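What's in final-v9.cif: mmCIF, C-alpha atoms and all ligand atoms
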```cif
data_protein
loop_
_atom_site.label_atom_id
_atom_site.label_comp_id
_atom_site.auth_asym_id
_atom_site.auth_seq_id
_atom_site.Cartn_x
_atom_site.Cartn_y
_atom_site.Cartn_z
CA MET Q 1 0.00 0.00 0.00
CA LYS Q 2 1.06 3.58 -0.62
CA VAL Q 3 0.01 5.83 2.25
CA LEU Q 4 0.05 9.62 2.55
CA VAL Q 5 0.87 10.57 6.14
CA CYS Q 6 -0.28 14.14 6.81
CA GLY Q 7 1.50 15.45 9.91
CA GLY Q 8 4.11 12.69 9.60
CA ALA Q 9 6.91 14.98 10.81
CA GLY Q 10 5.27 15.20 14.24
CA TYR Q 11 5.41 13.01 17.34
CA ILE Q 12 2.85 10.26 16.68
CA GLY Q 13 3.07 10.54 12.89
CA SER Q 14 6.83 9.89 12.75
CA HIS Q 15 6.57 6.78 14.94
CA THR Q 16 3.67 5.53 12.81
CA CYS Q 17 5.68 6.02 9.60
CA VAL Q 18 8.42 3.74 10.91
CA ALA Q 19 5.84 1.09 11.90
CA LEU Q 20 4.14 1.31 8.48
CA ILE Q 21 7.42 0.89 6.58
CA GLU Q 22 8.38 -2.04 8.81
CA GLN Q 23 5.12 -3.69 7.70
CA GLY Q 24 6.00 -3.18 4.03
CA GLN Q 25 3.94 -0.06 3.27
CA GLU Q 26 5.24 2.82 1.16
CA VAL Q 27 4.97 6.15 2.95
CA VAL Q 28 4.98 9.77 1.76
CA ILE Q 29 5.13 12.41 4.52
CA TYR Q 30 3.18 15.65 4.02
CA ASP Q 31 3.72 18.32 6.67
CA ASN Q 32 4.02 22.11 6.82
CA LEU Q 33 6.55 21.83 9.70
CA CYS Q 34 4.61 24.33 11.83
CA ARG Q 35 5.15 21.92 14.73
CA GLY Q 36 7.04 18.97 13.23
CA THR Q 37 10.71 18.85 12.27
CA LEU Q 38 12.90 17.75 9.40
CA ALA Q 39 14.92 15.93 12.05
CA ALA Q 40 11.91 13.65 12.64
CA VAL Q 41 11.70 12.93 8.89
CA ASP Q 42 15.41 12.08 8.86
CA HIS Q 43 14.95 9.78 11.83
CA VAL Q 44 12.11 7.98 10.03
CA ARG Q 45 14.50 7.41 7.10
CA GLN Q 46 17.32 6.31 9.40
CA LEU Q 47 15.22 3.88 11.45
CA SER Q 48 13.36 2.40 8.50
CA GLY Q 49 16.24 2.38 6.03
CA ALA Q 50 13.76 3.61 3.38
CA GLN Q 51 14.02 6.55 0.99
CA VAL Q 52 10.94 8.25 2.40
CA ARG Q 53 9.62 11.11 0.29
CA PHE Q 54 8.84 14.31 2.19
CA VAL Q 55 6.61 17.03 0.75
CA GLN Q 56 6.41 20.30 2.67
CA GLY Q 57 2.86 21.57 2.39
CA ASP Q 58 -0.24 22.58 4.28
CA VAL Q 59 -3.35 20.40 4.51
CA ARG Q 60 -5.41 23.50 3.74
CA ASP Q 61 -3.75 23.61 0.32
CA ARG Q 62 -6.24 21.46 -1.58
CA GLY Q 63 -4.52 21.95 -4.96
CA THR Q 64 -1.15 20.60 -3.80
CA LEU Q 65 -2.84 17.70 -2.03
CA GLU Q 66 -4.82 16.83 -5.14
CA THR Q 67 -1.73 16.87 -7.34
CA LEU Q 68 0.07 14.64 -4.86
CA LEU Q 69 -2.82 12.20 -4.30
CA ALA Q 70 -3.38 11.93 -8.07
CA THR Q 71 0.00 10.18 -8.30
CA GLY Q 72 -1.75 7.14 -6.75
CA PHE Q 73 -2.37 6.45 -3.05
CA HIS Q 74 -4.39 3.76 -1.30
CA ALA Q 75 -4.99 5.62 1.96
CA VAL Q 76 -4.35 8.73 4.02
CA ILE Q 77 -3.47 8.93 7.71
CA HIS Q 78 -4.32 12.38 9.00
CA PHE Q 79 -2.32 13.54 12.03
CA ALA Q 80 -1.95 17.17 10.93
CA ALA Q 81 -3.47 19.42 13.57
CA LEU Q 82 -2.72 21.96 16.27
CA LYS Q 83 -3.23 20.18 19.60
CA ILE Q 84 -2.62 22.43 22.60
CA MET Q 85 -5.80 22.96 24.56
CA SER Q 86 -4.74 26.16 26.34
CA GLU Q 87 -3.47 27.67 23.07
CA SER Q 88 -6.79 26.83 21.41
CA CYS Q 89 -8.64 28.91 24.02
CA GLN Q 90 -6.49 31.92 23.06
CA TYR Q 91 -6.66 31.31 19.30
CA PRO Q 92 -9.93 29.52 18.49
CA LEU Q 93 -10.01 30.83 14.92
CA ALA Q 94 -6.50 29.60 14.19
CA TYR Q 95 -7.48 26.17 15.56
CA PHE Q 96 -10.69 25.90 13.52
CA ASP Q 97 -8.93 27.15 10.42
CA ASN Q 98 -5.97 24.80 10.73
CA ASN Q 99 -7.78 21.69 11.95
CA VAL Q 100 -11.26 21.89 10.41
CA THR Q 101 -10.52 23.78 7.19
CA GLY Q 102 -7.53 21.48 6.71
CA THR Q 103 -9.67 18.38 7.08
CA VAL Q 104 -12.31 19.70 4.66
CA ALA Q 105 -9.59 20.38 2.05
CA LEU Q 106 -8.09 16.93 2.58
CA LEU Q 107 -11.47 15.20 2.21
CA GLN Q 108 -12.15 17.20 -0.96
CA ALA Q 109 -8.78 16.25 -2.41
CA MET Q 110 -9.40 12.59 -1.53
CA ARG Q 111 -12.80 12.68 -3.25
CA ALA Q 112 -11.36 14.34 -6.36
CA THR Q 113 -8.64 11.71 -6.66
CA GLY Q 114 -10.65 8.63 -5.64
CA VAL Q 115 -8.68 7.88 -2.46
CA GLN Q 116 -11.21 6.10 -0.27
CA GLN Q 117 -9.55 5.22 3.03
CA LEU Q 118 -8.79 7.55 5.92
CA VAL Q 119 -7.33 7.03 9.37
CA PHE Q 120 -8.00 10.07 11.55
CA SER Q 121 -6.37 11.18 14.83
CA SER Q 122 -9.05 12.03 17.33
CA SER Q 123 -8.74 12.41 21.07
CA ALA Q 124 -10.25 11.40 24.38
CA ALA Q 125 -10.77 15.16 24.72
CA VAL Q 126 -14.10 14.64 22.91
CA TYR Q 127 -15.48 13.00 26.08
CA GLY Q 128 -14.81 16.06 28.28
CA ASP Q 129 -15.60 15.26 31.91
CA PRO Q 130 -16.95 11.68 31.71
CA GLU Q 131 -19.85 10.48 33.86
CA THR Q 132 -18.21 7.10 34.39
CA VAL Q 133 -14.92 5.32 33.77
CA PRO Q 134 -13.82 3.32 31.90
CA ILE Q 135 -15.09 5.34 28.94
CA THR Q 136 -16.70 3.49 26.05
CA GLU Q 137 -17.13 4.93 22.56
CA GLU Q 138 -20.86 5.30 23.34
CA ALA Q 139 -20.24 7.78 26.18
CA PRO Q 140 -21.71 11.27 25.68
CA LEU Q 141 -19.47 13.64 23.72
CA ARG Q 142 -18.84 16.87 25.58
CA ALA Q 143 -16.09 18.92 24.08
CA SER Q 144 -15.30 21.80 26.42
CA ASN Q 145 -12.68 23.90 24.61
CA PRO Q 146 -11.94 24.95 21.01
CA TYR Q 147 -9.39 22.16 20.41
CA SER Q 148 -11.86 19.46 21.45
CA HIS Q 149 -14.60 21.16 19.44
CA THR Q 150 -12.43 20.93 16.33
CA LYS Q 151 -11.97 17.19 16.94
CA LEU Q 152 -15.73 16.70 17.39
CA VAL Q 153 -16.55 18.65 14.23
CA MET Q 154 -13.96 16.69 12.22
CA GLU Q 155 -15.29 13.37 13.57
CA GLN Q 156 -18.83 14.35 12.58
CA LEU Q 157 -17.71 15.47 9.14
CA ILE Q 158 -15.84 12.22 8.48
CA GLY Q 159 -18.83 10.19 9.70
CA GLU Q 160 -21.12 12.10 7.35
CA VAL Q 161 -18.77 11.55 4.39
CA CYS Q 162 -18.82 7.81 5.22
CA ASP Q 163 -22.65 7.88 5.30
CA ALA Q 164 -22.84 9.71 1.99
CA ARG Q 165 -20.32 7.52 0.18
CA PRO Q 166 -20.41 3.82 1.08
CA SER Q 167 -17.16 3.29 -0.86
CA PHE Q 168 -15.39 5.62 1.60
CA SER Q 169 -14.13 4.08 4.83
CA ALA Q 170 -12.58 5.65 7.91
CA ALA Q 171 -11.08 4.80 11.27
CA ILE Q 172 -11.52 7.54 13.86
CA LEU Q 173 -8.97 6.78 16.57
CA ARG Q 174 -9.51 8.45 19.95
CA TYR Q 175 -6.11 8.50 21.65
CA PHE Q 176 -6.03 8.80 25.43
CA ASN Q 177 -2.67 10.13 26.75
CA PRO Q 178 0.17 9.34 24.32
CA ALA Q 179 3.58 8.99 25.98
CA GLY Q 180 6.99 7.39 25.51
CA ALA Q 181 9.34 7.34 22.55
CA HIS Q 182 10.92 5.03 20.00
CA PRO Q 183 13.10 2.48 21.86
CA SER Q 184 16.17 3.67 19.91
CA GLY Q 185 15.89 7.06 21.62
CA LEU Q 186 16.13 8.72 18.21
CA MET Q 187 12.51 9.85 17.99
CA GLY Q 188 10.30 11.16 20.76
CA GLU Q 189 8.00 13.94 21.86
CA ASP Q 190 9.56 17.31 21.13
CA PRO Q 191 7.17 19.89 22.56
CA CYS Q 192 6.92 23.34 21.12
CA GLY Q 193 8.02 25.71 23.91
CA LEU Q 194 7.17 24.84 27.51
CA PRO Q 195 5.45 21.44 27.63
CA THR Q 196 1.80 21.48 28.66
CA ASN Q 197 1.54 17.67 28.98
CA LEU Q 198 2.70 15.81 32.06
CA MET Q 199 5.19 13.30 30.65
CA PRO Q 200 7.41 15.73 28.69
CA TYR Q 201 7.36 18.14 31.62
CA VAL Q 202 8.45 15.39 34.02
CA SER Q 203 11.24 14.42 31.57
CA GLN Q 204 12.47 17.99 31.43
CA VAL Q 205 12.47 18.30 35.23
CA ALA Q 206 14.47 15.05 35.42
CA ALA Q 207 16.91 16.55 32.90
CA GLY Q 208 17.31 19.64 35.09
CA MET Q 209 15.60 22.02 32.65
CA HIS Q 210 13.06 23.12 35.30
CA PRO Q 211 13.47 23.14 39.08
CA ARG Q 212 10.24 21.30 39.85
CA LEU Q 213 6.93 20.01 38.51
CA SER Q 214 3.70 21.72 39.48
CA VAL Q 215 1.14 19.02 40.23
CA PHE Q 216 -2.21 20.49 39.31
CA GLY Q 217 -4.54 19.62 42.19
CA GLY Q 218 -4.09 17.30 45.16
CA ASP Q 219 -7.74 17.19 46.17
CA TYR Q 220 -9.38 15.18 43.38
CA PRO Q 221 -11.59 12.26 44.46
CA THR Q 222 -8.91 9.77 43.33
CA ARG Q 223 -6.73 7.29 45.26
CA ASP Q 224 -4.03 9.88 46.08
CA GLY Q 225 -5.86 13.13 45.26
CA THR Q 226 -4.08 13.73 41.92
CA GLY Q 227 -5.52 13.36 38.41
CA VAL Q 228 -5.68 9.89 36.86
CA ARG Q 229 -5.08 9.29 33.13
CA ASP Q 230 -4.67 6.41 30.69
CA TYR Q 231 -1.13 6.79 29.31
CA ILE Q 232 -0.45 4.84 26.14
CA HIS Q 233 2.93 4.18 24.54
CA VAL Q 234 3.39 5.87 21.17
CA MET Q 235 4.66 2.55 19.74
CA ASP Q 236 1.34 0.92 20.69
CA LEU Q 237 -0.48 3.77 18.93
CA ALA Q 238 1.69 3.30 15.85
CA ASP Q 239 0.85 -0.40 15.76
CA ALA Q 240 -2.87 0.36 16.02
CA HIS Q 241 -2.66 2.65 12.95
CA VAL Q 242 -1.02 -0.08 10.88
CA ARG Q 243 -3.81 -2.46 11.85
CA ALA Q 244 -6.51 0.15 11.21
CA LEU Q 245 -5.40 0.33 7.57
CA ASP Q 246 -6.00 -3.43 7.25
CA VAL Q 247 -9.48 -3.11 8.74
CA LEU Q 248 -10.37 -0.36 6.25
CA GLN Q 249 -9.95 -2.85 3.40
CA HIS Q 250 -13.36 -4.20 4.51
CA GLY Q 251 -15.03 -0.75 4.54
CA GLY Q 252 -17.06 0.97 7.25
CA CYS Q 253 -16.60 3.84 9.67
CA HIS Q 254 -14.93 2.72 12.89
CA VAL Q 255 -14.69 4.83 16.03
CA LEU Q 256 -12.16 3.31 18.42
CA ASN Q 257 -10.65 4.23 21.79
CA LEU Q 258 -6.88 3.72 21.98
CA GLY Q 259 -5.63 3.41 25.55
CA THR Q 260 -4.35 0.72 27.87
CA GLY Q 261 -7.57 0.50 29.89
CA ARG Q 262 -5.67 1.41 33.06
CA GLY Q 263 -5.30 4.75 34.82
CA TYR Q 264 -2.29 6.16 36.70
CA SER Q 265 -2.20 9.19 38.97
CA VAL Q 266 0.26 12.06 38.58
CA LEU Q 267 2.14 10.89 41.70
CA GLU Q 268 2.35 7.36 40.26
CA VAL Q 269 3.82 8.75 37.03
CA ILE Q 270 6.41 10.72 39.04
CA ALA Q 271 7.34 7.61 41.04
CA ALA Q 272 7.66 5.49 37.87
CA PHE Q 273 9.83 8.13 36.19
CA GLU Q 274 12.09 8.44 39.24
CA ARG Q 275 12.49 4.67 39.29
CA VAL Q 276 13.57 4.28 35.67
CA SER Q 277 15.67 7.46 35.43
CA GLY Q 278 17.33 7.33 38.83
CA CYS Q 279 16.63 11.09 39.05
CA ARG Q 280 14.61 12.81 41.73
CA ILE Q 281 11.60 14.74 40.41
CA PRO Q 282 10.93 17.62 42.82
CA TYR Q 283 7.27 18.61 42.79
CA GLU Q 284 4.83 20.87 44.49
CA ILE Q 285 1.07 20.47 44.65
CA VAL Q 286 -0.64 23.61 43.36
CA ALA Q 287 -4.19 24.60 42.45
CA ARG Q 288 -6.17 22.54 39.93
CA ARG Q 289 -5.67 23.49 36.27
CA VAL Q 290 -8.82 24.99 34.73
CA GLY Q 291 -10.59 22.45 32.53
CA ASP Q 292 -8.92 19.36 34.06
CA VAL Q 293 -11.02 16.42 35.16
CA ALA Q 294 -10.40 13.90 37.95
CA GLU Q 295 -10.03 10.64 36.09
CA VAL Q 296 -10.08 9.36 32.56
CA TRP Q 297 -9.36 5.90 31.27
CA ALA Q 298 -10.53 3.91 28.31
CA ASP Q 299 -12.65 0.89 27.73
CA THR Q 300 -10.54 -0.56 24.93
CA SER Q 301 -12.61 -3.66 24.17
CA ARG Q 302 -13.93 -2.35 20.86
CA ALA Q 303 -10.45 -1.55 19.52
CA GLU Q 304 -9.12 -4.89 20.76
CA LYS Q 305 -11.83 -6.73 18.87
CA ALA Q 306 -11.76 -4.63 15.70
CA LEU Q 307 -7.98 -4.43 15.35
CA GLY Q 308 -6.87 -7.66 17.06
CA TRP Q 309 -4.72 -5.31 19.14
CA HIS Q 310 -3.99 -4.43 22.70
CA ALA Q 311 -1.39 -2.19 24.26
CA GLN Q 312 1.87 -4.03 24.93
CA TYR Q 313 3.84 -1.46 26.92
CA ASP Q 314 3.35 -0.44 30.55
CA LEU Q 315 3.99 2.86 32.34
CA LEU Q 316 7.57 1.96 33.34
CA ARG Q 317 8.43 1.27 29.71
CA MET Q 318 6.84 4.59 28.62
CA CYS Q 319 8.93 6.45 31.20
CA ALA Q 320 12.12 4.54 30.31
CA ASP Q 321 11.73 5.27 26.59
CA ALA Q 322 10.79 8.93 27.20
CA TRP Q 323 13.87 9.29 29.42
CA ARG Q 324 16.16 7.71 26.81
CA TRP Q 325 14.89 10.21 24.22
CA GLN Q 326 15.25 13.12 26.64
CA SER Q 327 18.80 12.11 27.58
CA MET Q 328 19.80 11.87 23.93
CA HIS Q 329 18.14 15.22 23.02
CA PRO Q 330 18.71 17.57 25.95
CA GLN Q 331 17.59 20.57 23.90
CA GLY Q 332 15.01 18.78 21.69
CA CYS Q 333 15.05 19.18 17.90
CA GLN Q 334 12.27 21.76 17.61
CA SER Q 335 12.47 24.53 15.12
CA SER Q 336 8.77 25.37 15.40
CA GLN Q 337 7.26 28.11 17.50
CA PRO Q 338 4.09 28.79 19.45
CA ILE Q 339 1.41 30.75 17.58
CA GLU Q 340 2.25 34.03 19.33
CA ALA Q 341 5.89 33.82 18.19
CA GLN Q 342 4.75 32.93 14.66
CA ARG Q 343 2.41 35.93 14.63
CA GLN Q 344 5.14 38.25 15.84
CA ALA Q 345 7.34 36.96 13.04
CA SER Q 346 4.35 37.51 10.67
CA ILE Q 347 4.32 33.91 9.53
CA GLY Q 348 1.35 32.60 11.57
P1 LIG F 401 2.51 17.05 16.66
O1 LIG F 401 2.29 18.51 16.83
O2 LIG F 401 3.80 16.45 17.10
O3 LIG F 401 2.26 16.63 15.13
C1 LIG F 401 1.33 17.26 14.30
C2 LIG F 401 2.02 17.48 12.96
O4 LIG F 401 1.09 18.08 12.06
C3 LIG F 401 3.22 18.42 13.07
O5 LIG F 401 4.32 17.85 12.40
C4 LIG F 401 2.75 19.69 12.36
O6 LIG F 401 3.81 20.38 11.75
C5 LIG F 401 1.74 19.13 11.39
N1 LIG F 401 0.69 20.09 10.99
C6 LIG F 401 -0.12 20.82 11.79
N2 LIG F 401 -0.94 21.57 11.05
C7 LIG F 401 -0.65 21.33 9.76
C8 LIG F 401 -1.15 21.80 8.53
N3 LIG F 401 -2.11 22.73 8.47
N4 LIG F 401 -0.65 21.30 7.38
C9 LIG F 401 0.34 20.37 7.41
N5 LIG F 401 0.87 19.90 8.55
C10 LIG F 401 0.39 20.37 9.72
O7 LIG F 401 1.30 16.31 17.41
P2 LIG F 401 1.09 14.77 17.74
O8 LIG F 401 1.17 14.61 19.21
O9 LIG F 401 1.90 13.91 16.88
O10 LIG F 401 -0.46 14.64 17.37
C11 LIG F 401 -0.87 14.08 16.14
C12 LIG F 401 -2.38 14.07 16.10
O11 LIG F 401 -2.88 13.36 17.23
C13 LIG F 401 -3.03 15.46 16.18
O12 LIG F 401 -4.13 15.47 15.33
C14 LIG F 401 -3.47 15.57 17.64
O13 LIG F 401 -4.58 16.43 17.76
C15 LIG F 401 -3.85 14.14 17.93
N6 LIG F 401 -3.76 13.80 19.36
C16 LIG F 401 -2.59 14.01 20.03
C17 LIG F 401 -2.52 13.72 21.39
C18 LIG F 401 -1.26 13.99 22.17
O14 LIG F 401 -1.35 14.16 23.40
N7 LIG F 401 -0.09 13.99 21.56
C19 LIG F 401 -3.64 13.17 22.05
C20 LIG F 401 -4.81 12.96 21.32
C21 LIG F 401 -4.85 13.27 19.97
C1 LIG F 402 -2.20 14.69 32.63
C2 LIG F 402 -2.35 14.85 34.13
C3 LIG F 402 -2.85 17.11 34.79
C4 LIG F 402 0.99 18.80 33.53
C5 LIG F 402 -4.38 16.48 27.27
C6 LIG F 402 -5.52 16.75 26.37
C7 LIG F 402 -5.91 15.47 25.65
C8 LIG F 402 -4.74 14.91 24.89
C9 LIG F 402 -3.62 14.68 25.84
C10 LIG F 402 -4.75 16.02 22.71
C11 LIG F 402 -3.51 15.75 34.53
C12 LIG F 402 -1.50 16.68 35.32
C13 LIG F 402 -0.05 17.95 33.78
C14 LIG F 402 1.70 19.38 34.63
C15 LIG F 402 0.27 18.18 36.14
N1 LIG F 402 -4.24 15.81 23.88
N2 LIG F 402 -0.41 17.63 35.08
N3 LIG F 402 1.30 19.04 35.89
O1 LIG F 402 -4.86 17.06 30.29
O2 LIG F 402 -5.10 14.54 30.44
O3 LIG F 402 -4.86 15.57 28.24
O4 LIG F 402 -3.30 15.89 26.52
O5 LIG F 402 -5.73 15.54 22.21
O6 LIG F 402 -6.90 15.75 24.78
O7 LIG F 402 -6.59 17.17 27.18
O8 LIG F 402 -2.92 15.53 29.70
O9 LIG F 402 -0.54 15.44 30.17
O10 LIG F 402 -1.73 17.68 30.27
O11 LIG F 402 -2.17 15.98 32.04
O12 LIG F 402 -0.04 17.91 37.30
O13 LIG F 402 2.63 20.18 34.44
O14 LIG F 402 -1.17 15.49 34.64
O15 LIG F 402 -3.52 17.88 35.74
O16 LIG F 402 -4.04 15.23 35.71
P1 LIG F 402 -4.53 15.73 29.77
P2 LIG F 402 -1.76 16.21 30.49
#
```
Just give me the structure of the file as structure tokens.
Amino acid sequence: MKVLVCGGAGYIGSHTCVALIEQGQEVVIYDNLCRGTLAAVDHVRQLSGAQVRFVQGDVRDRGTLETLLATGFHAVIHFAALKIMSESCQYPLAYFDNNVTGTVALLQAMRATGVQQLVFSSSAAVYGDPETVPITEEAPLRASNPYSHTKLVMEQLIGEVCDARPSFSAAILRYFNPAGAHPSGLMGEDPCGLPTNLMPYVSQVAAGMHPRLSVFGGDYPTRDGTGVRDYIHVMDLADAHVRALDVLQHGGCHVLNLGTGRGYSVLEVIAAFERVSGCRIPYEIVARRVGDVAEVWADTSRAEKALGWHAQYDLLRMCADAWRWQSMHPQGCQSSQPIEAQRQASIG
């Protein structure tokens, strides 16, 4: 199969490219590098040993996408999006434009060129504050910020395209909390600016880049008072994407949770990271972060059945791999900038 990977120069996309090539697929990476890096593309080539083609372009550029897709592709995997919740509250228009307009243009280009299979990156963010855990795919959808709204709108759009065109099939994959890195330590999560997610922040504290971690809230109704999440290794996510492409051969629109089915608290993540890194992670419990919820973990039974998949890696392995990446890239590889910096440079 020949697969176009939009957003393949980013964190999850680059790991998925390596997994796809290992399974014999041909990959072309399409990315505007607003958040991804050429270093990630090089690492995909290095780890896979393949001459991977990279095209720098924006998913909102329908013309370029059409020209590219017309060269003959079986499927598209669509990772390309802005993903920082707090940033989306400041710049809702930029988020809708990038994420939703981009997805509309991509779907139009796919229709024009007869490419009928799509794997789409969605998020557990679409569930908002869940009534119960574990969360099944049938749980009410309650997006509570612009980023999550964009994911909901894109999910609905893709579902409606599937309804309108039975020949079109899609897998909508709702990731819980991606973490970890490639076991080689070459590729990993390279946040743009100060990390907003827990695992990269913990890694950077362990590396001495920040004096301590702020733990957002110690009074949640959880086993130790801190927030509980379902962390999933990026290599497990990559494997699920490879399998999703197989499932799409049989058609349909599949909405699947991707998690481990197990939740860990912030203090448990800190303890696991200290254990594998041998570093102390100083922390201080501060006020809750606005918009955070107490506990989130997935019911993964639908994905396990549909994909013949379940997560292989545990929290210790996620921390060990994240730490290897951090140790090998003390300054990261990022060349991208937050929206405000892009605007000031008149390129955003
Ligand atoms: P990332 O920022 O590392 O990767 C996204 C990639 O898309 C980047 O390389 C960026 O340059 C590219 N991109 C963004 N807008 C683009 C555009 N208009 N045109 C072309 N390329 C564009 O993020 P990631 O963590 O790899 O996330 C991948 C996908 O998974 C995103 O859709 C994100 O919303 C979703 N997701 C991520 C998480 C997470 O915590 N990492 C959780 C749930 C869902
Ligand atoms: C995890 C836990 C925080 C940072 C977000 C999005 C979700 C998905 C993944 C895109 C929480 C706590 C965090 C810190 C802390 N992304 N924490 N100190 O909020 O579960 O999910 O990223 O789709 O949609 O919502 O992930 O890693 O930010 O937080 O105490 O410096 O760690 O309060 O309990 P979250 P996270």
Selection near region 31-45 of chain Q, 9 Å with only C-alpha atoms, sequence-local residues under 4 positions removed, as a tab-separated table (two decimals) with C-alpha atoms, in the coordinates of the input:
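The new file result.tsv reads:
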```
chain	number	residue	atom	x	y	z
Q	5	VAL	CA	0.87	10.57	6.14
Q	6	CYS	CA	-0.28	14.14	6.81
Q	7	GLY	CA	1.50	15.45	9.91
Q	8	GLY	CA	4.11	12.69	9.60
Q	9	ALA	CA	6.91	14.98	10.81
Q	10	GLY	CA	5.27	15.20	14.24
Q	11	TYR	CA	5.41	13.01	17.34
Q	14	SER	CA	6.83	9.89	12.75
Q	15	HIS	CA	6.57	6.78	14.94
Q	17	CYS	CA	5.68	6.02	9.60
Q	18	VAL	CA	8.42	3.74	10.91
Q	49	GLY	CA	16.24	2.38	6.03
Q	50	ALA	CA	13.76	3.61	3.38
Q	51	GLN	CA	14.02	6.55	0.99
Q	52	VAL	CA	10.94	8.25	2.40
Q	54	PHE	CA	8.84	14.31	2.19
Q	55	VAL	CA	6.61	17.03	0.75
Q	56	GLN	CA	6.41	20.30	2.67
Q	57	GLY	CA	2.86	21.57	2.39
Q	58	ASP	CA	-0.24	22.58	4.28
Q	59	VAL	CA	-3.35	20.40	4.51
Q	80	ALA	CA	-1.95	17.17	10.93
Q	82	LEU	CA	-2.72	21.96	16.27
Q	186	LEU	CA	16.13	8.72	18.21
Q	187	MET	CA	12.51	9.85	17.99
Q	188	GLY	CA	10.30	11.16	20.76
Q	190	ASP	CA	9.56	17.31	21.13
Q	191	PRO	CA	7.17	19.89	22.56
Q	192	CYS	CA	6.92	23.34	21.12
Q	333	CYS	CA	15.05	19.18	17.90
Q	334	GLN	CA	12.27	21.76	17.61
Q	335	SER	CA	12.47	24.53	15.12
Q	336	SER	CA	8.77	25.37	15.40
Q	337	GLN	CA	7.26	28.11	17.50
Q	338	PRO	CA	4.09	28.79	19.45
Q	348	GLY	CA	1.35	32.60	11.57
```
Distance table requested - region 123-207 of chain Q against region 247-252 of chain Q, cut-off 12 Å, only C-alpha atoms: one row per qualifying residue with the closest atom pair and its distance in Å to one decimal, ordered by chain and rising residue number, as CSV.
```
residue,atom,partner,partner_atom,distance
Q:Ile158,CA,Q:Gly252,CA,11.4
Q:Gly159,CA,Q:Gly252,CA,9.7
Q:Glu160,CA,Q:Gly252,CA,11.8
Q:Val161,CA,Q:Gly252,CA,11.1
Q:Cys162,CA,Q:Gly252,CA,7.3
Q:Asp163,CA,Q:Gly252,CA,9.1
Q:Ala164,CA,Q:Gly252,CA,11.7
Q:Arg165,CA,Q:Gly252,CA,10.2
Q:Pro166,CA,Q:Gly252,CA,7.6
Q:Ser167,CA,Q:Gly251,CA,7.1
Q:Phe168,CA,Q:Gly251,CA,7.0
Q:Ser169,CA,Q:Gly252,CA,4.9
Q:Ala170,CA,Q:Gly252,CA,6.5
Q:Ala171,CA,Q:Leu248,CA,7.2
Q:Ile172,CA,Q:Gly252,CA,10.8
```
Nearest to Ser265 (chain Q) by atom-to-atom distance, counting all atoms listed in the file, from Q:Ala19, Q:Ala294, Q:Ile232, Q:Leu93: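 Nearest candidate to Ser265 (chain Q) out of Q:Ala19, Q:Ala294, Q:Ile232, Q:Leu93: Q:Ala294.
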Counting all atoms listed in the file, what are the residues, protein, DNA or RNA alike, that approach ligand LIG 402 (chain F) to within 8 Å? I want them as a count of residues only. 40
Please compute the CA of Asn98 (chain Q)-CA of Glu155 (chain Q) distance, one decimal, in Å.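 Atom-to-atom, CA of Asn98 (chain Q) and CA of Glu155 (chain Q) are spaced 15.0 Å apart.
Shortest separation to ligand LIG 401 (chain F) among Q:Tyr91, Q:Trp297, Q:Phe120, Q:Phe73 occurs at residue Q:Phe120, atoms counted being only C-alpha atoms and all ligand atoms.
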Find the spatial neighbours of Ser327 (chain Q), counting all atoms listed in the file, within a cut-off of 9 Å - ignore same-chain residues fewer than 3 positions away - and output them as JSON, numbers by chain. {"Q": [185, 203, 207, 322, 323, 324, 330]}
Two-atom distance - CA of Arg53 (chain Q), CA of Met235 (chain Q) (Å):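 According to the coordinates, CA of Arg53 (chain Q) and CA of Met235 (chain Q) are separated by 21.8 Å.
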Centre and edge lengths, as AutoDock Vina command-line options, for the axis-aligned box enclosing every listed atom of region 107-126 of chain Q with 6 Å of padding on each of the six sides, in Å to one decimal?
```
--center_x -10.2 --center_y 11.2 --center_z 9.0 --size_x 19.7 --size_y 24.0 --size_z 43.4
```
Ranking Q:Val242, Q:Leu258, Q:Ile21, Q:Ala70 by minimum distance to ligand LIG 401 (chain F) and counting only C-alpha atoms and all ligand atoms, which one comes first? Q:Leu258
Please measure the separation of CA of Pro130 (chain Q) and CA of Met154 (chain Q), giving the value in Å to one decimal.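 Between these atoms lies a distance of 20.3 Å.
Comparing Q:Val255, Q:Val76, Q:Ala240, Q:Leu157 by their smallest distance to Tyr30 (chain Q), the closest is Q:Val76 (using all atoms listed in the file).
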Of the listed residues Q:Gln116, Q:Thr136, Q:Ser88, Q:Thr101, that which approaches Leu245 (chain Q) most closely, counting all atoms listed in the file: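 Among the listed residues, Q:Gln116 lies closest to Leu245 (chain Q).
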So, with only C-alpha atoms as the atoms that count, which of Q:Leu20, Q:Ala105, Q:Ala94, Q:Ala206 lies closest to Arg62 (chain Q)? Q:Ala105
So which residues touch Gln312 (chain Q) within 12 Å, counting all atoms listed in the file, skipping near sequence neighbours fewer than 4 positions away, as a list in words?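 Using all atoms listed in the file, the neighbours found are Ile232, His233, Val234, Met235, Asp236, Leu237, Ala238, Asp239, Ala240, Gly259, Thr260, Gly261, Glu304, Leu316, Arg317 and Met318 of chain Q.
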